[in-house]
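Text of data-v5.txt, listed as compact mmCIF, N, CA, C and O atoms:
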# COMPACT_ATOMS: atom_id res chain seq x y z
N GLY A 1065 -15.31 -68.03 65.77
CA GLY A 1065 -16.45 -68.40 64.98
C GLY A 1065 -16.18 -68.20 63.49
O GLY A 1065 -15.04 -68.05 63.04
N THR A 1066 -17.23 -68.19 62.74
CA THR A 1066 -17.14 -68.07 61.28
C THR A 1066 -16.49 -66.76 60.85
O THR A 1066 -15.61 -66.75 59.99
N ALA A 1067 -16.92 -65.66 61.47
CA ALA A 1067 -16.37 -64.36 61.08
C ALA A 1067 -14.88 -64.29 61.36
O ALA A 1067 -14.11 -63.74 60.56
N ASP A 1068 -14.43 -64.86 62.48
CA ASP A 1068 -13.00 -64.85 62.79
C ASP A 1068 -12.22 -65.71 61.81
O ASP A 1068 -11.11 -65.36 61.41
N ALA A 1069 -12.79 -66.83 61.39
CA ALA A 1069 -12.12 -67.68 60.40
C ALA A 1069 -11.95 -66.92 59.09
O ALA A 1069 -10.89 -67.00 58.45
N VAL A 1070 -12.96 -66.18 58.69
CA VAL A 1070 -12.86 -65.37 57.46
C VAL A 1070 -11.76 -64.32 57.64
O VAL A 1070 -10.93 -64.13 56.76
N ARG A 1071 -11.73 -63.66 58.79
CA ARG A 1071 -10.71 -62.64 59.06
C ARG A 1071 -9.31 -63.24 58.97
O ARG A 1071 -8.42 -62.66 58.36
N GLN A 1072 -9.12 -64.41 59.54
CA GLN A 1072 -7.80 -65.05 59.54
C GLN A 1072 -7.34 -65.45 58.14
O GLN A 1072 -6.15 -65.56 57.90
N TYR A 1073 -8.28 -65.68 57.24
CA TYR A 1073 -7.92 -66.14 55.89
C TYR A 1073 -8.19 -65.09 54.82
O TYR A 1073 -8.25 -65.43 53.64
N LEU A 1074 -8.30 -63.84 55.19
CA LEU A 1074 -8.47 -62.77 54.19
C LEU A 1074 -7.35 -62.79 53.17
O LEU A 1074 -7.56 -62.52 51.99
N TRP A 1075 -6.14 -63.12 53.60
CA TRP A 1075 -5.00 -63.18 52.68
C TRP A 1075 -5.27 -64.17 51.56
O TRP A 1075 -4.87 -63.94 50.42
N LEU A 1076 -5.96 -65.25 51.85
CA LEU A 1076 -6.27 -66.24 50.83
C LEU A 1076 -7.27 -65.69 49.81
O LEU A 1076 -7.13 -65.90 48.61
N PHE A 1077 -8.25 -64.94 50.29
CA PHE A 1077 -9.21 -64.30 49.38
C PHE A 1077 -8.50 -63.32 48.44
O PHE A 1077 -8.85 -63.21 47.28
N GLU A 1078 -7.53 -62.61 48.98
CA GLU A 1078 -6.82 -61.60 48.20
C GLU A 1078 -5.91 -62.22 47.13
O GLU A 1078 -5.59 -61.58 46.15
N GLU A 1079 -5.48 -63.46 47.32
CA GLU A 1079 -4.59 -64.12 46.37
C GLU A 1079 -5.30 -64.58 45.10
O GLU A 1079 -4.65 -64.85 44.11
N HIS A 1080 -6.60 -64.70 45.14
CA HIS A 1080 -7.34 -65.24 44.00
C HIS A 1080 -8.25 -64.18 43.39
O HIS A 1080 -8.81 -63.35 44.09
N ASN A 1081 -8.38 -64.21 42.09
CA ASN A 1081 -9.21 -63.25 41.37
C ASN A 1081 -10.64 -63.79 41.29
O ASN A 1081 -11.09 -64.25 40.24
N VAL A 1082 -11.34 -63.75 42.42
CA VAL A 1082 -12.71 -64.23 42.51
C VAL A 1082 -13.60 -63.05 42.88
O VAL A 1082 -13.25 -62.24 43.73
N LEU A 1083 -14.76 -62.95 42.25
CA LEU A 1083 -15.65 -61.82 42.49
C LEU A 1083 -16.61 -62.03 43.66
O LEU A 1083 -17.02 -61.07 44.30
N GLU A 1084 -17.00 -63.27 43.91
CA GLU A 1084 -17.97 -63.53 44.98
C GLU A 1084 -17.48 -64.68 45.85
O GLU A 1084 -16.83 -65.59 45.37
N TYR A 1085 -17.84 -64.60 47.13
CA TYR A 1085 -17.50 -65.65 48.07
C TYR A 1085 -18.76 -66.08 48.81
O TYR A 1085 -19.51 -65.25 49.29
N LEU A 1086 -18.96 -67.38 48.94
CA LEU A 1086 -20.03 -67.94 49.74
C LEU A 1086 -19.37 -68.56 50.96
O LEU A 1086 -18.52 -69.45 50.84
N VAL A 1087 -19.74 -68.07 52.15
CA VAL A 1087 -19.13 -68.53 53.39
C VAL A 1087 -20.19 -69.27 54.20
O VAL A 1087 -21.25 -68.72 54.48
N LEU A 1088 -19.88 -70.51 54.59
CA LEU A 1088 -20.78 -71.34 55.38
C LEU A 1088 -20.08 -71.76 56.66
O LEU A 1088 -18.90 -72.08 56.64
N ALA A 1089 -20.81 -71.79 57.76
CA ALA A 1089 -20.24 -72.28 59.01
C ALA A 1089 -20.07 -73.78 58.92
O ALA A 1089 -20.93 -74.48 58.41
N GLY A 1090 -18.96 -74.29 59.40
CA GLY A 1090 -18.67 -75.71 59.30
C GLY A 1090 -19.48 -76.58 60.23
O GLY A 1090 -19.55 -77.79 60.05
N ASP A 1091 -20.11 -76.00 61.25
CA ASP A 1091 -20.85 -76.82 62.21
C ASP A 1091 -22.36 -76.81 61.96
O ASP A 1091 -23.14 -77.21 62.80
N HIS A 1092 -22.78 -76.37 60.79
CA HIS A 1092 -24.20 -76.34 60.44
C HIS A 1092 -24.45 -77.23 59.24
O HIS A 1092 -23.59 -77.39 58.37
N LEU A 1093 -25.63 -77.77 59.17
CA LEU A 1093 -26.08 -78.48 57.97
C LEU A 1093 -27.10 -77.59 57.29
O LEU A 1093 -28.01 -77.08 57.93
N TYR A 1094 -26.96 -77.42 55.98
CA TYR A 1094 -27.85 -76.53 55.25
C TYR A 1094 -28.66 -77.31 54.24
O TYR A 1094 -28.12 -78.12 53.50
N ARG A 1095 -29.95 -77.05 54.21
CA ARG A 1095 -30.81 -77.54 53.15
C ARG A 1095 -31.31 -76.28 52.46
O ARG A 1095 -32.37 -75.76 52.78
N MET A 1096 -30.51 -75.79 51.55
CA MET A 1096 -30.74 -74.48 50.96
C MET A 1096 -30.35 -74.51 49.49
O MET A 1096 -29.38 -75.17 49.12
N ASP A 1097 -31.10 -73.80 48.69
CA ASP A 1097 -30.79 -73.68 47.27
C ASP A 1097 -29.81 -72.52 47.11
O ASP A 1097 -30.21 -71.36 47.08
N TYR A 1098 -28.52 -72.83 47.03
CA TYR A 1098 -27.50 -71.79 46.95
C TYR A 1098 -27.61 -70.99 45.65
O TYR A 1098 -27.28 -69.81 45.63
N GLU A 1099 -28.08 -71.62 44.61
CA GLU A 1099 -28.24 -70.90 43.34
C GLU A 1099 -29.23 -69.76 43.49
O GLU A 1099 -28.98 -68.64 43.03
N ARG A 1100 -30.34 -70.01 44.16
CA ARG A 1100 -31.33 -68.94 44.40
C ARG A 1100 -30.76 -67.87 45.32
O ARG A 1100 -31.01 -66.67 45.15
N PHE A 1101 -29.99 -68.28 46.32
CA PHE A 1101 -29.37 -67.35 47.26
C PHE A 1101 -28.40 -66.42 46.52
O PHE A 1101 -28.42 -65.20 46.70
N ILE A 1102 -27.58 -66.99 45.66
CA ILE A 1102 -26.61 -66.21 44.89
C ILE A 1102 -27.33 -65.28 43.92
O ILE A 1102 -26.96 -64.10 43.79
N GLN A 1103 -28.37 -65.77 43.25
CA GLN A 1103 -29.13 -64.94 42.32
C GLN A 1103 -29.78 -63.75 43.03
O GLN A 1103 -29.73 -62.62 42.54
N ALA A 1104 -30.35 -64.00 44.20
CA ALA A 1104 -30.96 -62.91 44.97
C ALA A 1104 -29.92 -61.88 45.38
O ALA A 1104 -30.16 -60.67 45.35
N HIS A 1105 -28.73 -62.35 45.73
CA HIS A 1105 -27.63 -61.45 46.10
C HIS A 1105 -27.26 -60.56 44.92
O HIS A 1105 -27.12 -59.34 45.06
N ARG A 1106 -27.11 -61.16 43.76
CA ARG A 1106 -26.75 -60.39 42.56
C ARG A 1106 -27.83 -59.39 42.19
O ARG A 1106 -27.53 -58.25 41.83
N GLU A 1107 -29.09 -59.79 42.25
CA GLU A 1107 -30.19 -58.91 41.88
C GLU A 1107 -30.35 -57.74 42.85
O GLU A 1107 -30.76 -56.66 42.45
N SER A 1108 -30.02 -57.96 44.11
CA SER A 1108 -30.17 -56.88 45.10
C SER A 1108 -29.05 -55.86 45.03
O SER A 1108 -29.18 -54.77 45.56
N ASP A 1109 -27.93 -56.24 44.40
CA ASP A 1109 -26.75 -55.38 44.31
C ASP A 1109 -26.21 -55.02 45.70
O ASP A 1109 -25.63 -53.96 45.89
N ALA A 1110 -26.42 -55.91 46.66
CA ALA A 1110 -25.94 -55.69 48.03
C ALA A 1110 -24.45 -56.00 48.12
O ALA A 1110 -23.92 -56.78 47.33
N ASP A 1111 -23.78 -55.40 49.07
CA ASP A 1111 -22.38 -55.72 49.33
C ASP A 1111 -22.26 -57.08 50.00
O ASP A 1111 -21.30 -57.81 49.78
N ILE A 1112 -23.23 -57.40 50.85
CA ILE A 1112 -23.25 -58.69 51.55
C ILE A 1112 -24.69 -59.14 51.69
O ILE A 1112 -25.59 -58.32 51.86
N THR A 1113 -24.91 -60.44 51.61
CA THR A 1113 -26.22 -61.03 51.81
C THR A 1113 -26.09 -62.08 52.90
O THR A 1113 -25.14 -62.85 52.90
N VAL A 1114 -27.03 -62.09 53.84
CA VAL A 1114 -27.00 -62.99 54.97
C VAL A 1114 -28.28 -63.81 54.97
O VAL A 1114 -29.36 -63.27 54.80
N ALA A 1115 -28.16 -65.11 55.16
CA ALA A 1115 -29.33 -65.98 55.22
C ALA A 1115 -29.86 -66.05 56.65
O ALA A 1115 -29.10 -66.05 57.61
N ALA A 1116 -31.18 -66.13 56.76
CA ALA A 1116 -31.83 -66.25 58.07
C ALA A 1116 -33.12 -67.04 57.90
O ALA A 1116 -33.66 -67.15 56.80
N LEU A 1117 -33.60 -67.59 58.99
CA LEU A 1117 -34.87 -68.31 59.02
C LEU A 1117 -35.78 -67.70 60.06
O LEU A 1117 -35.32 -67.28 61.12
N PRO A 1118 -37.09 -67.68 59.79
CA PRO A 1118 -38.03 -67.26 60.84
C PRO A 1118 -37.96 -68.24 62.01
O PRO A 1118 -37.76 -69.43 61.82
N MET A 1119 -38.12 -67.73 63.21
CA MET A 1119 -38.00 -68.55 64.41
C MET A 1119 -39.10 -68.15 65.38
O MET A 1119 -39.40 -66.97 65.52
N ASP A 1120 -39.70 -69.14 66.05
CA ASP A 1120 -40.72 -68.80 67.04
C ASP A 1120 -40.07 -68.38 68.36
O ASP A 1120 -38.89 -68.64 68.60
N GLU A 1121 -40.85 -67.72 69.20
CA GLU A 1121 -40.32 -67.16 70.44
C GLU A 1121 -39.77 -68.23 71.38
O GLU A 1121 -38.77 -68.02 72.06
N ALA A 1122 -40.38 -69.40 71.39
CA ALA A 1122 -39.95 -70.47 72.29
C ALA A 1122 -38.53 -70.92 72.01
O ALA A 1122 -37.82 -71.35 72.92
N HIS A 1123 -38.06 -70.81 70.77
CA HIS A 1123 -36.72 -71.25 70.40
C HIS A 1123 -35.74 -70.10 70.15
O HIS A 1123 -34.54 -70.32 70.04
N ALA A 1124 -36.25 -68.90 70.06
CA ALA A 1124 -35.44 -67.75 69.63
C ALA A 1124 -34.28 -67.42 70.57
O ALA A 1124 -33.24 -66.95 70.13
N THR A 1125 -34.43 -67.70 71.85
CA THR A 1125 -33.38 -67.33 72.81
C THR A 1125 -32.11 -68.17 72.66
O THR A 1125 -31.08 -67.86 73.24
N ALA A 1126 -32.18 -69.23 71.87
CA ALA A 1126 -31.02 -70.11 71.70
C ALA A 1126 -30.12 -69.71 70.54
O ALA A 1126 -29.10 -70.34 70.31
N PHE A 1127 -30.49 -68.64 69.82
CA PHE A 1127 -29.79 -68.29 68.59
C PHE A 1127 -29.42 -66.82 68.52
O PHE A 1127 -30.00 -65.99 69.22
N GLY A 1128 -28.48 -66.51 67.63
CA GLY A 1128 -28.24 -65.12 67.27
C GLY A 1128 -29.39 -64.67 66.38
O GLY A 1128 -29.80 -65.39 65.47
N LEU A 1129 -29.96 -63.50 66.65
CA LEU A 1129 -31.12 -63.01 65.91
C LEU A 1129 -30.80 -61.69 65.21
O LEU A 1129 -30.03 -60.88 65.70
N MET A 1130 -31.43 -61.50 64.05
CA MET A 1130 -31.32 -60.25 63.31
C MET A 1130 -32.68 -59.57 63.29
O MET A 1130 -33.69 -60.24 63.10
N LYS A 1131 -32.67 -58.28 63.45
CA LYS A 1131 -33.88 -57.49 63.24
C LYS A 1131 -33.71 -56.83 61.89
O LYS A 1131 -32.66 -56.24 61.60
N ILE A 1132 -34.73 -56.96 61.04
CA ILE A 1132 -34.64 -56.39 59.69
C ILE A 1132 -35.72 -55.35 59.48
O ILE A 1132 -36.77 -55.39 60.12
N ASP A 1133 -35.44 -54.41 58.58
CA ASP A 1133 -36.44 -53.40 58.25
C ASP A 1133 -37.33 -53.92 57.12
O ASP A 1133 -37.17 -55.05 56.64
N GLU A 1134 -38.25 -53.07 56.66
CA GLU A 1134 -39.21 -53.48 55.63
C GLU A 1134 -38.55 -53.78 54.28
O GLU A 1134 -39.12 -54.46 53.44
N GLU A 1135 -37.33 -53.33 54.08
CA GLU A 1135 -36.61 -53.61 52.84
C GLU A 1135 -35.66 -54.80 52.97
O GLU A 1135 -34.92 -55.12 52.04
N GLY A 1136 -35.67 -55.46 54.12
CA GLY A 1136 -34.82 -56.62 54.34
C GLY A 1136 -33.42 -56.30 54.80
O GLY A 1136 -32.56 -57.17 54.84
N ARG A 1137 -33.16 -55.06 55.16
CA ARG A 1137 -31.84 -54.68 55.64
C ARG A 1137 -31.72 -54.97 57.13
O ARG A 1137 -32.64 -54.74 57.90
N ILE A 1138 -30.55 -55.45 57.54
CA ILE A 1138 -30.31 -55.74 58.96
C ILE A 1138 -30.13 -54.41 59.69
O ILE A 1138 -29.29 -53.61 59.33
N VAL A 1139 -30.93 -54.21 60.73
CA VAL A 1139 -30.82 -52.98 61.51
C VAL A 1139 -30.32 -53.24 62.93
O VAL A 1139 -29.93 -52.31 63.64
N GLU A 1140 -30.35 -54.52 63.34
CA GLU A 1140 -29.89 -54.85 64.69
C GLU A 1140 -29.56 -56.33 64.76
O GLU A 1140 -30.16 -57.15 64.07
N PHE A 1141 -28.61 -56.68 65.62
CA PHE A 1141 -28.26 -58.07 65.87
C PHE A 1141 -28.15 -58.27 67.37
O PHE A 1141 -27.66 -57.40 68.09
N ALA A 1142 -28.62 -59.41 67.86
CA ALA A 1142 -28.48 -59.76 69.27
C ALA A 1142 -28.14 -61.24 69.38
O ALA A 1142 -28.74 -62.07 68.72
N GLU A 1143 -27.17 -61.55 70.20
CA GLU A 1143 -26.75 -62.94 70.42
C GLU A 1143 -27.53 -63.52 71.59
O GLU A 1143 -27.39 -63.06 72.72
N LYS A 1144 -28.39 -64.48 71.32
CA LYS A 1144 -29.20 -65.20 72.32
C LYS A 1144 -29.90 -64.24 73.29
O LYS A 1144 -29.73 -64.31 74.51
N PRO A 1145 -30.73 -63.33 72.75
CA PRO A 1145 -31.39 -62.34 73.61
C PRO A 1145 -32.47 -62.97 74.50
O PRO A 1145 -33.06 -63.98 74.15
N LYS A 1146 -32.71 -62.33 75.62
CA LYS A 1146 -33.74 -62.78 76.56
C LYS A 1146 -34.53 -61.56 77.04
O LYS A 1146 -34.07 -60.44 76.92
N GLY A 1147 -35.70 -61.78 77.58
CA GLY A 1147 -36.51 -60.74 78.19
C GLY A 1147 -36.85 -59.60 77.24
O GLY A 1147 -37.31 -59.83 76.12
N GLU A 1148 -36.62 -58.40 77.69
CA GLU A 1148 -36.96 -57.21 76.89
C GLU A 1148 -36.14 -57.13 75.60
O GLU A 1148 -36.63 -56.67 74.58
N GLN A 1149 -34.89 -57.57 75.66
CA GLN A 1149 -34.06 -57.56 74.45
C GLN A 1149 -34.66 -58.49 73.40
O GLN A 1149 -34.67 -58.16 72.21
N LEU A 1150 -35.19 -59.62 73.81
CA LEU A 1150 -35.83 -60.54 72.88
C LEU A 1150 -37.07 -59.90 72.27
O LEU A 1150 -37.27 -59.94 71.05
N LYS A 1151 -37.91 -59.30 73.10
CA LYS A 1151 -39.12 -58.64 72.59
C LYS A 1151 -38.78 -57.54 71.59
O LYS A 1151 -39.48 -57.34 70.61
N ALA A 1152 -37.70 -56.83 71.83
CA ALA A 1152 -37.30 -55.73 70.94
C ALA A 1152 -36.82 -56.24 69.58
O ALA A 1152 -36.83 -55.50 68.60
N MET A 1153 -36.43 -57.51 69.50
CA MET A 1153 -35.92 -58.06 68.24
C MET A 1153 -37.03 -58.55 67.31
O MET A 1153 -36.78 -58.83 66.15
N LYS A 1154 -38.26 -58.64 67.81
CA LYS A 1154 -39.33 -59.21 67.00
C LYS A 1154 -39.84 -58.20 65.97
O LYS A 1154 -40.09 -57.06 66.27
N VAL A 1155 -39.97 -58.66 64.73
CA VAL A 1155 -40.62 -57.88 63.68
C VAL A 1155 -41.96 -58.58 63.46
O VAL A 1155 -42.89 -58.36 64.20
N SER A 1156 -42.09 -59.45 62.47
CA SER A 1156 -43.29 -60.29 62.37
C SER A 1156 -42.99 -61.67 62.94
O SER A 1156 -43.88 -62.39 63.35
N SER A 1157 -41.72 -62.02 62.96
CA SER A 1157 -41.23 -63.23 63.63
C SER A 1157 -39.79 -62.92 64.01
O SER A 1157 -39.29 -61.83 63.73
N TYR A 1158 -39.13 -63.84 64.65
CA TYR A 1158 -37.71 -63.67 64.94
C TYR A 1158 -36.94 -64.23 63.76
O TYR A 1158 -37.36 -65.20 63.13
N ASN A 1159 -35.80 -63.66 63.44
CA ASN A 1159 -35.00 -64.10 62.31
C ASN A 1159 -33.70 -64.69 62.81
O ASN A 1159 -32.80 -63.98 63.25
N LYS A 1160 -33.63 -66.01 62.76
CA LYS A 1160 -32.45 -66.74 63.22
C LYS A 1160 -31.35 -66.64 62.18
O LYS A 1160 -31.52 -67.01 61.03
N LEU A 1161 -30.21 -66.16 62.59
CA LEU A 1161 -29.05 -66.05 61.72
C LEU A 1161 -28.49 -67.43 61.43
O LEU A 1161 -28.28 -68.23 62.34
N LEU A 1162 -28.25 -67.73 60.15
CA LEU A 1162 -27.75 -69.05 59.76
C LEU A 1162 -26.23 -69.10 59.58
O LEU A 1162 -25.69 -70.15 59.28
N PHE A 1163 -25.55 -67.99 59.70
CA PHE A 1163 -24.12 -67.94 59.43
C PHE A 1163 -23.82 -68.44 58.03
O PHE A 1163 -22.97 -69.30 57.82
N CYS A 1164 -24.55 -67.92 57.10
CA CYS A 1164 -24.39 -68.20 55.68
C CYS A 1164 -24.29 -66.84 55.00
O CYS A 1164 -25.25 -66.09 55.00
N TYR A 1165 -23.12 -66.50 54.50
CA TYR A 1165 -22.89 -65.17 53.95
C TYR A 1165 -22.45 -65.27 52.50
O TYR A 1165 -21.76 -66.19 52.12
N LEU A 1166 -22.81 -64.26 51.74
CA LEU A 1166 -22.32 -64.15 50.37
C LEU A 1166 -21.91 -62.70 50.20
O LEU A 1166 -22.66 -61.79 50.52
N PHE A 1167 -20.69 -62.48 49.71
CA PHE A 1167 -20.26 -61.10 49.52
C PHE A 1167 -19.37 -60.97 48.29
O PHE A 1167 -18.80 -61.93 47.82
N PHE A 1168 -19.35 -59.74 47.77
CA PHE A 1168 -18.49 -59.40 46.66
C PHE A 1168 -17.11 -59.04 47.18
O PHE A 1168 -16.99 -58.41 48.23
N SER A 1169 -16.08 -59.41 46.45
CA SER A 1169 -14.73 -59.01 46.86
C SER A 1169 -14.52 -57.55 46.50
O SER A 1169 -15.19 -57.00 45.65
N ILE A 1170 -13.58 -56.94 47.18
CA ILE A 1170 -13.31 -55.51 46.98
C ILE A 1170 -12.15 -55.34 46.02
O ILE A 1170 -11.22 -56.07 46.01

Starting from the file, give its structure as structure tokens.
Amino acid sequence: GTADAVRQYLWLFEEHNVLEYLVLAGDHLYRMDYERFIQAHRESDADITVAALPMDEAHATAFGLMKIDEEGRIVEFAEKPKGEQLKAMKVSSYNKLLFCYLFFSI
């Protein structure tokens, strides 16, 4: 998946003097304002920022879901949860992971 592709090409990241990387999954279409996403990442001073969308229960079992705390930090992840695991992932809605990451280089 996306994370493995990033792992395989870490050497490429290390060869270039770039401070931030935006990683998008190749099999998704995004209608997203990347400028706002990047600005929010910079303002939060987070090491990594992950995009997600609210999802209703009827569709939530088809996706990887993130559970977030009141400050927006990821506290749990479940891949296509069902039953009790699905119920445990709900905050105010389900948060569908978009596989859109932004991180600072080390």

Open item on the list: as a PyMOL selection string, please: every residue in range 1070-1169 of chain A that a backbone DSSP assignment puts in strand (DSSP E or B).
Closed with: chain A and resi 1084-1088+1112-1119+1128-1132+1138-1143+1158-1168

Open item on the list: From a backbone DSSP assignment, name each residue in range 1079-1113 of chain A labelled helix (DSSP H, G or I), as a PyMOL selection string.
Closed with: chain A and resi 1079+1098-1108

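Take the candidates A:Leu1083, A:Ala1069, A:Glu1078, A:Asn1159 and check each one against Leu1117 in chain A using all atoms listed in the file; the shortest distance goes to A:Asn1159.
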
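Proximity to Leu1129 in chain A was assessed for A:Glu1107, A:Phe1101, A:Val1155, A:Ile1112 counting only C-alpha atoms; the smallest distance is recorded for A:Val1155.
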
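Close contacts of Ser1156 in chain A, defined as residues with an atom at most 8 Å away when counting only N, CA, C and O atoms, with chain neighbours fewer than 5 positions off set aside, comprise Pro1118, Met1119 and Ile1132 of chain A.
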
Since we have the selection now, will you write its residues out, keeping N, CA, C and O atoms, as a PDB file, in the frame of the given file?
ATOM      1  N   PRO A1118     -37.090 -67.680  59.790  1.00  0.00           N
ATOM      2  CA  PRO A1118     -38.030 -67.260  60.840  1.00  0.00           C
ATOM      3  C   PRO A1118     -37.960 -68.240  62.010  1.00  0.00           C
ATOM      4  O   PRO A1118     -37.760 -69.430  61.820  1.00  0.00           O
ATOM      5  N   MET A1119     -38.120 -67.730  63.210  1.00  0.00           N
ATOM      6  CA  MET A1119     -38.000 -68.550  64.410  1.00  0.00           C
ATOM      7  C   MET A1119     -39.100 -68.150  65.380  1.00  0.00           C
ATOM      8  O   MET A1119     -39.400 -66.970  65.520  1.00  0.00           O
ATOM      9  N   ILE A1132     -34.730 -56.960  61.040  1.00  0.00           N
ATOM     10  CA  ILE A1132     -34.640 -56.390  59.690  1.00  0.00           C
ATOM     11  C   ILE A1132     -35.720 -55.350  59.480  1.00  0.00           C
ATOM     12  O   ILE A1132     -36.770 -55.390  60.120  1.00  0.00           O
TER      13      ILE A1132
END
